[in-house]
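Student: I have a structure here, written as structure tokens, and I will follow up with some questions on it.
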Amino acid sequence: MSNLLFDPIKTQASVTDSVIVGFSGGKDSIVTLDLCFRYFKTVKPFFMYLVKGLEFQEKMLNWYENKYDTEIIRIPHFEVSDFLKWGSFTLPDLNVDIVGINDVYEYLRQKTGLHWIAAGERCADSIVRNAMIKKSGSIDFKRGRFYPIAYWKKQEVMQYIKRKKLYLSLEQRQIGFSFRSLAGSELSVIKELYPNDYEKILKVYPLAEAGVKHYELYERSEKNG
């Protein structure tokens with residue numbers, strides 16, 4: 001692994017010694033979190049949930065809290081407000097206020113007293129992210145954002161996780177990324193691996209089960225031939 005990959009975070013650490021870190025439990029956020037604890041004096045991680053207190057997510061969060069002797073701030077994902085207001089997976093409630101990602105960032109900055117936010121976006125993720133990082137560089141001064149692994153490839157991310165013996169959750173290994181949506185294909189995996197948590201999800205989003213049944217009856221069968 002080239003030492004050049006660590007140049008962005010070394011530069012970022014010269015800008016400030018304190019950072020907020022977005023942590024999803026996915027492979028990119030795992031490496032980002034570990035790097036931040038290595039290079040910054042003060043690190044405040046946060047985790048956005050779709051359903052509060054899912055056991056498989058709490059297991060992962062507790063592992064990293066113990067490793068770094070820290071507390072991971074848990075807050076609802078900003079998409080939750082859309083789901084609840086417009087009834088994407090449950091009955092609509094028009095009294096719910098819509099929350100955006102910038103509202104989340106402002107809340108975290110006020111709560112922690114810190115300004116800079118580090119996240120695991122990489123150029124290789126997509127054309128959109130490549131263009132975004134190409135425009136700002138690994139330090140986005142306008143938005144107060146750091147991208148410590150901006151120029152890493154997936155293979156380098158996985159090598160780092162293996163070398164550092166970092167915790168990779170079962171659903172991450174099964175579906176290739178951390179649980180992040182209520183799509184039928186993702187929830188079907190959660191249903192199989194964590195049935196108790198699946199029932200918790202349906203209590204909040206009962207209509208999500210329709211997507212799971214559609215996936216299992218039609219899409220999954222097509223994939224399996």
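In the structure tokens, the first chain shown is A, the next is B, and so on; residue numbers restart at 1 for each chain, and ligands run from 1 in the order shown.
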With the cut-off set at 12 Å and counting only C-alpha atoms, tabulate each residue of region 82-130 of chain A with an atom at most that distance from an atom of region 61-74 of chain A, showing the nearest atom pair and its distance in Å to one decimal, ordered by chain and increasing number, as JSON lines.
Tutor:
{"residue": "A:Val104", "atom": "CA", "partner": "A:Arg74", "partner_atom": "CA", "distance": 11.4}
{"residue": "A:Tyr107", "atom": "CA", "partner": "A:Ile73", "partner_atom": "CA", "distance": 11.4}
{"residue": "A:Leu108", "atom": "CA", "partner": "A:Ile73", "partner_atom": "CA", "distance": 8.9}
{"residue": "A:Lys111", "atom": "CA", "partner": "A:Ile73", "partner_atom": "CA", "distance": 9.9}
{"residue": "A:Thr112", "atom": "CA", "partner": "A:Ile73", "partner_atom": "CA", "distance": 9.9}
Student: Could you give me, as a list in words, the residues within 12 Å of Arg145 (chain A), counting only C-alpha atoms and dropping anything in the same chain fewer than 5 positions from it?
Tutor: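 What passes the distance filter is Ile9, Gln12, Val15, Thr16, Val19, Ile20, Val21, Gly22, Asn102, Tyr105, Arg109, Leu114, His115, Trp116, Ile117, Ala118, Ala119, Gly120, Glu121, Met132, Ile133, Ser136, Gly137, Ser138, Ile139, Asp140 and Ala150 of chain A.
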Student: Give me the residues within 10 Å of Ser2 (chain A) as JSON, numbers by chain, counting only C-alpha atoms and dropping any in the same chain fewer than 3 places off.
Tutor: {"A": [5, 6, 7, 152, 156]}
Student: Please produce a file of those selected residues containing all heavy atoms, as a JSON list (two decimals), in the first residue's frame.
Tutor:
[["chain", "number", "residue", "atom", "x", "y", "z"],
["A", 5, "LEU", "N", -1.15, 7.39, -0.26],
["A", 5, "LEU", "CA", -2.57, 7.35, 0.09],
["A", 5, "LEU", "C", -2.86, 8.09, 1.39],
["A", 5, "LEU", "O", -4.00, 8.52, 1.62],
["A", 5, "LEU", "CB", -3.03, 5.90, 0.22],
["A", 5, "LEU", "CG", -3.06, 5.07, -1.08],
["A", 5, "LEU", "CD1", -3.40, 3.62, -0.76],
["A", 5, "LEU", "CD2", -4.04, 5.65, -2.07],
["A", 6, "PHE", "N", -1.86, 8.24, 2.22],
["A", 6, "PHE", "CA", -2.05, 8.89, 3.52],
["A", 6, "PHE", "C", -1.76, 10.39, 3.47],
["A", 6, "PHE", "O", -1.94, 11.08, 4.48],
["A", 6, "PHE", "CB", -1.16, 8.22, 4.57],
["A", 6, "PHE", "CG", -1.46, 6.76, 4.76],
["A", 6, "PHE", "CD1", -0.76, 5.79, 4.05],
["A", 6, "PHE", "CD2", -2.46, 6.34, 5.62],
["A", 6, "PHE", "CE1", -1.03, 4.44, 4.21],
["A", 6, "PHE", "CE2", -2.75, 5.00, 5.79],
["A", 6, "PHE", "CZ", -2.03, 4.04, 5.08],
["A", 7, "ASP", "N", -1.34, 10.90, 2.33],
["A", 7, "ASP", "CA", -1.05, 12.33, 2.21],
["A", 7, "ASP", "C", -2.27, 13.20, 2.49],
["A", 7, "ASP", "O", -2.14, 14.23, 3.18],
["A", 7, "ASP", "CB", -0.48, 12.64, 0.83],
["A", 7, "ASP", "CG", 0.97, 12.19, 0.68],
["A", 7, "ASP", "OD1", 1.58, 11.81, 1.70],
["A", 7, "ASP", "OD2", 1.48, 12.21, -0.46],
["A", 152, "TRP", "N", -8.36, 6.37, -2.70],
["A", 152, "TRP", "CA", -8.17, 4.94, -2.48],
["A", 152, "TRP", "C", -9.04, 4.14, -3.43],
["A", 152, "TRP", "O", -10.12, 4.56, -3.84],
["A", 152, "TRP", "CB", -8.56, 4.57, -1.05],
["A", 152, "TRP", "CG", -7.65, 5.12, 0.02],
["A", 152, "TRP", "CD1", -7.18, 6.39, 0.14],
["A", 152, "TRP", "CD2", -7.15, 4.40, 1.16],
["A", 152, "TRP", "NE1", -6.43, 6.52, 1.27],
["A", 152, "TRP", "CE2", -6.39, 5.32, 1.92],
["A", 152, "TRP", "CE3", -7.29, 3.09, 1.60],
["A", 152, "TRP", "CZ2", -5.76, 4.95, 3.10],
["A", 152, "TRP", "CZ3", -6.66, 2.72, 2.79],
["A", 152, "TRP", "CH2", -5.90, 3.64, 3.52],
["A", 156, "GLU", "N", -7.58, -1.43, -1.89],
["A", 156, "GLU", "CA", -6.75, -0.84, -0.84],
["A", 156, "GLU", "C", -7.53, -0.67, 0.45],
["A", 156, "GLU", "O", -6.98, -0.84, 1.55],
["A", 156, "GLU", "CB", -6.20, 0.51, -1.34],
["A", 156, "GLU", "CG", -5.23, 0.34, -2.51],
["A", 156, "GLU", "CD", -5.03, 1.60, -3.31],
["A", 156, "GLU", "OE1", -5.90, 2.49, -3.30],
["A", 156, "GLU", "OE2", -3.98, 1.70, -3.99]]
Student: Which residues in region 18-154 of chain A does DSSP call helix (DSSP H, G or I)? List them as a count of residues only.
Tutor: 61
Student: Choose the residue, out of A:Lys203, A:Lys27, A:Phe83, A:Ser188, that has the smallest atom-to-atom separation from Lys154 (chain A); count only C-alpha atoms.
Tutor: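 Looking only at the distances to Lys154 (chain A), the closest residue turns out to be A:Lys27.
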